[in-house]
Amino acid sequence: MVIELTVFDILDILGTMAFTISGALSAMNRRLDLFGIFIIAFVTSVGGGTVRDVLIGQTPVVWMQNTTTIYLISLVTLFAIVFRNKLDYLKKSVFLFDTIGLGIFTITGVETGIRAGLDPIVSVALGTITGCFGGVIRDILCNEIPVIFRKEIYATVTIVGGICFMFMYSIGLDMTLTYIATTLLIIVIRLLVVTYQITLPSFTVKNPNID
Amino acid sequence: MVIELTVFDILDILGTMAFTISGALSAMNRRLDLFGIFIIAFVTSVGGGTVRDVLIGQTPVVWMQNTTTIYLISLVTLFAIVFRNKLDYLKKSVFLFDTIGLGIFTITGVETGIRAGLDPIVSVALGTITGCFGGVIRDILCNEIPVIFRKEIYATVTIVGGICFMFMYSIGLDMTLTYIATTLLIIVIRLLVVTYQITLPSFTVKNPNID
Amino acid sequence: MVIELTVFDILDILGTMAFTISGALSAMNRRLDLFGIFIIAFVTSVGGGTVRDVLIGQTPVVWMQNTTTIYLISLVTLFAIVFRNKLDYLKKSVFLFDTIGLGIFTITGVETGIRAGLDPIVSVALGTITGCFGGVIRDILCNEIPVIFRKEIYATVTIVGGICFMFMYSIGLDMTLTYIATTLLIIVIRLLVVTYQITLPSFTVKNPNID
């Protein structure tokens with residue numbers, strides 16, 4: 001049996017691994033037990049795609065139809081636990097992988113929306129959900145305000161990338177080019193944003209006791 | 001092209017706007033960034049209907065099939081940001097709109113349950129979910145115990161309204177009358193409850209270290 | 001009309017009652033109002049099965065198709081409120097019922113996965129979700145890090161039970177025997193774990209400021 005992996009499959013695997021490591025590290029920071037670490041890693045990795053599949057009614061959700069994902073996440077979680085103190089040195093790599101995952105998963109989500117016949121703007125929203133909601137669920141389970149709402153223009157980058165994808169798709173450019181270009185765009189913007197500490201404005205209310 | 005709006009459509013739009021404003025104000029109170037404000041506003045507005053659609057398997061969920069909602073929420077969120085300090089004066093209007101939204105969305109939810117052939121008591125539960133869960137998700141994302149569990153009989157009002165709707169529906173009254181009467185009922189009860197600060201009883205346990 | 005209850009139905013009812021009581025007590029500990037108590041009790045009871053049904057696309061979800069569950073939960077919640085101070089004496093019974101519920105719901109979930117034609121490892125995951133996620137949602141709504149991530153090997157027990165079920169199922173043993181044996185296995189392991197205070201290891205990171 002020969003398994004043929006496309007560039008996209010390889011990127012997808014890298015993205016899954018990166019999100020798994022980021023989830024496992026978050027869980028260890030909060031002193032969760034072995035199972036807690038595994039489930040937070042799992043949820044960070046598959047959460048975005050799961051919410052996407054449920055919202056458009058594509059069930060059973062994707063990770064239930066391909067056990068490779070479960071085995072991959074289990075192995076990477078064990079790896080993260082064993083090398084937890086070494087991973088500090090890998091901090092920048094984790095951030096890089098996380099950003100790669102964000103780029104790939106966003107574009108996968110947008111494309112899923114197009115294939116399901118949804119409106120372009122809805123497809124862009126699906127991309128954002130696929131890219132970001134794994135992290136949102138991770139933060140909710142860890143009892144924090146989701147980090148994407150607070151810094152680093154995390155989600156905004158996915159909207160920009162999604163809109164570019166829709167544009168390139170609508171004028172009929174080569175799909176492989178479109179995939180790679182928009183994924184790279186998301187990655188580059190996010191790297192720039194974090195390097196130069198660009199933030200979106202937040203707005204304060206004078207008398208903040210409204211609700 | 002002539003767009004014909006029924007009274008119900010207009011109320012629905014008002015409800016969506018009100019929930020959007022209430023979500024945006026909540027997010028600004030918590031100093032979230034621009035995207036955070038938008039997503040909290042969005043979730044408060046469509047969250048209840050989304051949970052309802054997912055539970056009964058009516059997917060893709062409603063806001064994915066009609067982009068008007070997305071544009072409307074975007075515009076209203078911008079409005080809420082620009083006029084955030086003026087909105088203090090609008091506080092009572094926001095509360096009023098929020099209550100209108102609660103009334104309309106509850107009844108929409110009950111009716112969705114009936115159309116899906118569900119049992120009356122399940123339809124009432126669907127109405128409560130549609131009316132309240134946008135706010136529940138908003139509070140979870142903002143890392144708070146959902147307000148509906150703590151004060152103002154928020155959800156109980158929707159159960160009363162839903163039961164009245166089922167009763168009027170089952171004895172065959174005119175649907176338009178039923179819609180308007182039960183929506184108004186929810187609105188009036190909620191206004192009375194808040195004006196006279198009526199609360200449901202809460203119960204304390206003597207030795208509260210059970211779990 | 002004669003209602004025939006199998007042993008499994010009876011266990012299922014006991015499990016639902018136990019989870020309802022555990023949810024109601026949690027809510028009263030947090031001084032939620034009457035509706036808050038009811039909804040937390042309801043969610044603890046049906047949450048796991050609801051997430052399972054949504055993930056595999058079996059909608060409307062189960063509790064919407066059988067109103068008995070709603071009436072049962074309402075009655076048991078009222079019982080829990082009236083006897084809230086007496087329930088302290090029942091603490092051990094609650095723990096026992098909760099464990100029975102965990103055992104039954106896990107096995108129900110695994111079997112649902114098999115019937116839906118899912119892979120064994122995915123079916124085991126479905127069992128864990130069915131058994132545990134009611135409690136997870138309860139803790140999220142009450143604004144806490146879900147207890148299953150922190151102590152008592154809660155979820156790990158369900159994985160062990162699920163794997164045993166898959167093994168006994170695959171070698172073709174009698175289904176009734178398989179049901180009862182694996183349910184009892186989960187119950188016994190959990191009782192041992194709590195009696196002897198066995199915990200899973202947790203892992204700390206040296207410089208815990210990674211994310």
# chains A, B, ... in the order shown; residues from 1 in each chain; ligands from 1
>>> calpha_fit_and_write(fixed="chain C", moving="chain B", output="tab-separated table (two decimals) with C-alpha atoms, in the first residue's frame")
chain	number	residue	atom	x	y	z
B	1	MET	CA	-50.79	-0.15	28.29
B	2	VAL	CA	-47.94	-2.13	29.70
B	3	ILE	CA	-44.53	-0.50	29.75
B	4	GLU	CA	-41.81	-3.11	29.73
B	5	LEU	CA	-38.62	-1.92	31.29
B	6	THR	CA	-35.42	-3.82	30.69
B	7	VAL	CA	-32.67	-3.89	33.31
B	8	PHE	CA	-30.84	-1.44	31.07
B	9	ASP	CA	-33.79	1.01	31.02
B	10	ILE	CA	-33.94	0.92	34.81
B	11	LEU	CA	-30.22	1.57	35.09
B	12	ASP	CA	-30.56	4.39	32.57
B	13	ILE	CA	-33.30	6.00	34.68
B	14	LEU	CA	-31.16	5.65	37.81
B	15	GLY	CA	-28.21	7.24	35.99
B	16	THR	CA	-30.34	10.16	34.81
B	17	MET	CA	-31.66	10.68	38.36
B	18	ALA	CA	-28.17	10.56	39.84
B	19	PHE	CA	-26.72	13.10	37.39
B	20	THR	CA	-29.75	15.34	37.99
B	21	ILE	CA	-29.20	15.30	41.76
B	22	SER	CA	-25.47	15.96	41.36
B	23	GLY	CA	-26.22	18.92	39.04
B	24	ALA	CA	-28.89	20.37	41.33
B	25	LEU	CA	-26.57	20.20	44.35
B	26	SER	CA	-23.77	21.91	42.39
B	27	ALA	CA	-26.16	24.71	41.40
B	28	MET	CA	-27.44	25.21	44.96
B	29	ASN	CA	-23.85	25.36	46.22
B	30	ARG	CA	-23.38	28.30	43.85
B	31	ARG	CA	-26.61	29.98	45.03
B	32	LEU	CA	-28.24	29.94	41.58
B	33	ASP	CA	-31.97	30.69	41.44
B	34	LEU	CA	-34.73	28.15	40.85
B	35	PHE	CA	-34.36	28.17	37.07
B	36	GLY	CA	-30.58	28.04	37.30
B	37	ILE	CA	-30.82	24.93	39.46
B	38	PHE	CA	-33.19	23.29	36.99
B	39	ILE	CA	-31.08	24.07	33.92
B	40	ILE	CA	-27.80	22.94	35.53
B	41	ALA	CA	-29.50	19.72	36.64
B	42	PHE	CA	-30.90	19.24	33.15
B	43	VAL	CA	-27.61	19.93	31.41
B	44	THR	CA	-25.62	17.62	33.71
B	45	SER	CA	-28.11	14.88	32.92
B	46	VAL	CA	-28.51	15.21	29.14
B	47	GLY	CA	-25.36	17.14	28.18
B	48	GLY	CA	-23.17	14.15	27.38
B	49	GLY	CA	-25.77	12.46	25.19
B	50	THR	CA	-26.57	15.75	23.46
B	51	VAL	CA	-22.95	16.41	22.47
B	52	ARG	CA	-22.68	12.81	21.27
B	53	ASP	CA	-25.82	13.08	19.12
B	54	VAL	CA	-24.74	16.42	17.63
B	55	LEU	CA	-21.25	15.11	16.76
B	56	ILE	CA	-22.59	12.08	14.89
B	57	GLY	CA	-25.51	13.98	13.36
B	58	GLN	CA	-28.26	12.03	15.13
B	59	THR	CA	-30.71	14.92	15.39
B	60	PRO	CA	-33.11	16.00	16.84
B	61	VAL	CA	-31.07	14.91	19.87
B	62	VAL	CA	-32.41	12.07	22.02
B	63	TRP	CA	-34.07	14.04	24.86
B	64	MET	CA	-36.14	15.91	22.25
B	65	GLN	CA	-37.70	12.66	21.11
B	66	ASN	CA	-38.80	11.36	24.48
B	67	THR	CA	-40.42	13.80	26.91
B	68	THR	CA	-40.21	11.29	29.76
B	69	THR	CA	-36.66	12.52	30.38
B	70	ILE	CA	-37.81	16.12	30.84
B	71	TYR	CA	-40.52	15.15	33.32
B	72	LEU	CA	-38.18	12.82	35.20
B	73	ILE	CA	-35.51	15.53	35.54
B	74	SER	CA	-38.08	18.11	36.67
B	75	LEU	CA	-39.40	15.83	39.40
B	76	VAL	CA	-35.96	14.82	40.63
B	77	THR	CA	-34.80	18.46	40.70
B	78	LEU	CA	-37.79	19.40	42.87
B	79	PHE	CA	-36.95	16.45	45.12
B	80	ALA	CA	-33.33	17.63	45.38
B	81	ILE	CA	-34.45	21.16	46.31
B	82	VAL	CA	-36.93	20.03	48.96
B	83	PHE	CA	-34.52	17.58	50.56
B	84	ARG	CA	-31.37	19.64	49.97
B	85	ASN	CA	-30.23	19.48	53.59
B	86	LYS	CA	-31.08	15.82	53.96
B	87	LEU	CA	-29.02	15.05	50.86
B	88	ASP	CA	-25.87	15.55	52.88
B	89	TYR	CA	-26.63	12.23	54.46
B	90	LEU	CA	-27.16	10.88	50.97
B	91	LYS	CA	-23.76	12.16	49.84
B	92	LYS	CA	-22.37	8.65	49.47
B	93	SER	CA	-25.51	7.53	47.64
B	94	VAL	CA	-25.15	10.47	45.25
B	95	PHE	CA	-21.56	9.53	44.57
B	96	LEU	CA	-22.66	5.94	44.01
B	97	PHE	CA	-25.50	6.93	41.66
B	98	ASP	CA	-23.19	9.31	39.83
B	99	THR	CA	-20.76	6.48	39.30
B	100	ILE	CA	-23.58	4.19	38.12
B	101	GLY	CA	-24.64	6.88	35.65
B	102	LEU	CA	-21.07	7.24	34.43
B	103	GLY	CA	-20.83	3.49	33.82
B	104	ILE	CA	-24.16	3.20	32.01
B	105	PHE	CA	-23.87	6.34	29.90
B	106	THR	CA	-20.34	5.44	28.80
B	107	ILE	CA	-21.44	2.03	27.56
B	108	THR	CA	-24.53	3.52	25.86
B	109	GLY	CA	-22.25	5.94	24.07
B	110	VAL	CA	-19.84	3.25	22.88
B	111	GLU	CA	-22.75	1.20	21.57
B	112	THR	CA	-24.19	4.25	19.75
B	113	GLY	CA	-20.85	4.63	17.99
B	114	ILE	CA	-20.82	0.97	16.92
B	115	ARG	CA	-24.39	1.19	15.59
B	116	ALA	CA	-23.43	4.33	13.63
B	117	GLY	CA	-20.68	2.29	11.97
B	118	LEU	CA	-17.82	4.25	13.49
B	119	ASP	CA	-14.32	2.93	14.15
B	120	PRO	CA	-13.78	1.20	17.55
B	121	ILE	CA	-11.44	3.89	18.87
B	122	VAL	CA	-13.92	6.59	17.85
B	123	SER	CA	-16.72	4.64	19.57
B	124	VAL	CA	-14.68	4.56	22.77
B	125	ALA	CA	-14.22	8.34	22.50
B	126	LEU	CA	-17.99	8.70	22.03
B	127	GLY	CA	-18.51	6.68	25.20
B	128	THR	CA	-16.21	8.99	27.15
B	129	ILE	CA	-18.02	12.04	25.75
B	130	THR	CA	-21.43	10.60	26.66
B	131	GLY	CA	-20.34	9.70	30.19
B	132	CYS	CA	-18.34	12.82	31.02
B	133	PHE	CA	-19.50	15.86	29.05
B	134	GLY	CA	-22.63	16.49	31.06
B	135	GLY	CA	-20.32	17.26	33.98
B	136	VAL	CA	-17.95	19.26	31.76
B	137	ILE	CA	-20.77	21.55	30.57
B	138	ARG	CA	-22.04	21.86	34.17
B	139	ASP	CA	-18.62	23.05	35.31
B	140	ILE	CA	-18.23	25.47	32.38
B	141	LEU	CA	-21.64	27.01	33.11
B	142	CYS	CA	-20.64	27.31	36.78
B	143	ASN	CA	-17.36	28.97	35.69
B	144	GLU	CA	-14.92	26.31	36.91
B	145	ILE	CA	-12.18	24.23	35.35
B	146	PRO	CA	-14.02	20.95	34.67
B	147	VAL	CA	-13.44	18.60	37.60
B	148	ILE	CA	-12.75	15.65	35.30
B	149	PHE	CA	-9.50	17.29	34.24
B	150	ARG	CA	-8.33	17.67	37.79
B	151	LYS	CA	-9.01	14.61	39.87
B	152	GLU	CA	-10.25	11.09	40.45
B	153	ILE	CA	-9.31	9.69	37.02
B	154	TYR	CA	-12.97	10.28	36.14
B	155	ALA	CA	-12.58	10.07	32.39
B	156	THR	CA	-9.74	7.58	32.26
B	157	VAL	CA	-12.03	5.00	33.83
B	158	THR	CA	-14.49	5.41	30.95
B	159	ILE	CA	-11.73	4.81	28.40
B	160	VAL	CA	-10.75	1.56	30.15
B	161	GLY	CA	-14.41	0.49	30.28
B	162	GLY	CA	-14.98	1.42	26.64
B	163	ILE	CA	-11.97	-0.58	25.47
B	164	CYS	CA	-13.16	-3.64	27.43
B	165	PHE	CA	-16.58	-3.27	25.84
B	166	MET	CA	-15.05	-3.15	22.33
B	167	PHE	CA	-12.94	-6.23	23.14
B	168	MET	CA	-15.87	-8.29	24.47
B	169	TYR	CA	-18.03	-7.12	21.56
B	170	SER	CA	-15.42	-8.01	18.95
B	171	ILE	CA	-14.97	-11.59	20.21
B	172	GLY	CA	-18.75	-12.04	20.02
B	173	LEU	CA	-19.72	-12.46	23.68
B	174	ASP	CA	-23.37	-12.20	24.73
B	175	MET	CA	-24.45	-8.53	24.58
B	176	THR	CA	-26.31	-8.49	27.91
B	177	LEU	CA	-23.26	-9.94	29.63
B	178	THR	CA	-21.02	-7.41	27.87
B	179	TYR	CA	-23.25	-4.49	28.93
B	180	ILE	CA	-23.45	-5.50	32.56
B	181	ALA	CA	-19.82	-6.59	32.94
B	182	THR	CA	-18.33	-3.41	31.47
B	183	THR	CA	-20.74	-1.13	33.32
B	184	LEU	CA	-19.83	-2.87	36.58
B	185	LEU	CA	-16.14	-2.65	35.67
B	186	ILE	CA	-16.34	1.14	35.36
B	187	ILE	CA	-18.26	1.40	38.63
B	188	VAL	CA	-15.87	-0.83	40.56
B	189	ILE	CA	-12.70	0.85	39.25
B	190	ARG	CA	-14.08	4.28	40.11
B	191	LEU	CA	-15.04	3.17	43.61
B	192	LEU	CA	-11.55	1.76	44.14
B	193	VAL	CA	-9.91	4.89	42.72
B	194	VAL	CA	-11.82	7.19	45.06
B	195	THR	CA	-11.53	4.91	48.10
B	196	TYR	CA	-7.76	4.63	47.76
B	197	GLN	CA	-7.38	8.19	46.42
B	198	ILE	CA	-5.48	7.09	43.34
B	199	THR	CA	-4.67	10.00	41.02
B	200	LEU	CA	-3.14	10.28	37.59
B	201	PRO	CA	0.20	12.06	37.46
B	202	SER	CA	0.22	15.70	36.47
B	203	PHE	CA	3.27	17.32	34.92
B	204	THR	CA	4.63	20.73	35.65
B	205	VAL	CA	6.65	22.90	33.33
B	206	LYS	CA	9.69	24.68	34.71
B	207	ASN	CA	8.94	28.09	33.23
B	208	PRO	CA	5.16	28.15	33.05
B	209	ASN	CA	4.69	31.33	31.05
B	210	ILE	CA	4.59	29.79	27.62
B	211	ASP	CA	1.32	30.98	26.14
>>> select_by_dssp(residues="range 23-208 of chain A", states="alpha helix (DSSP H)", output="count of residues only")
130
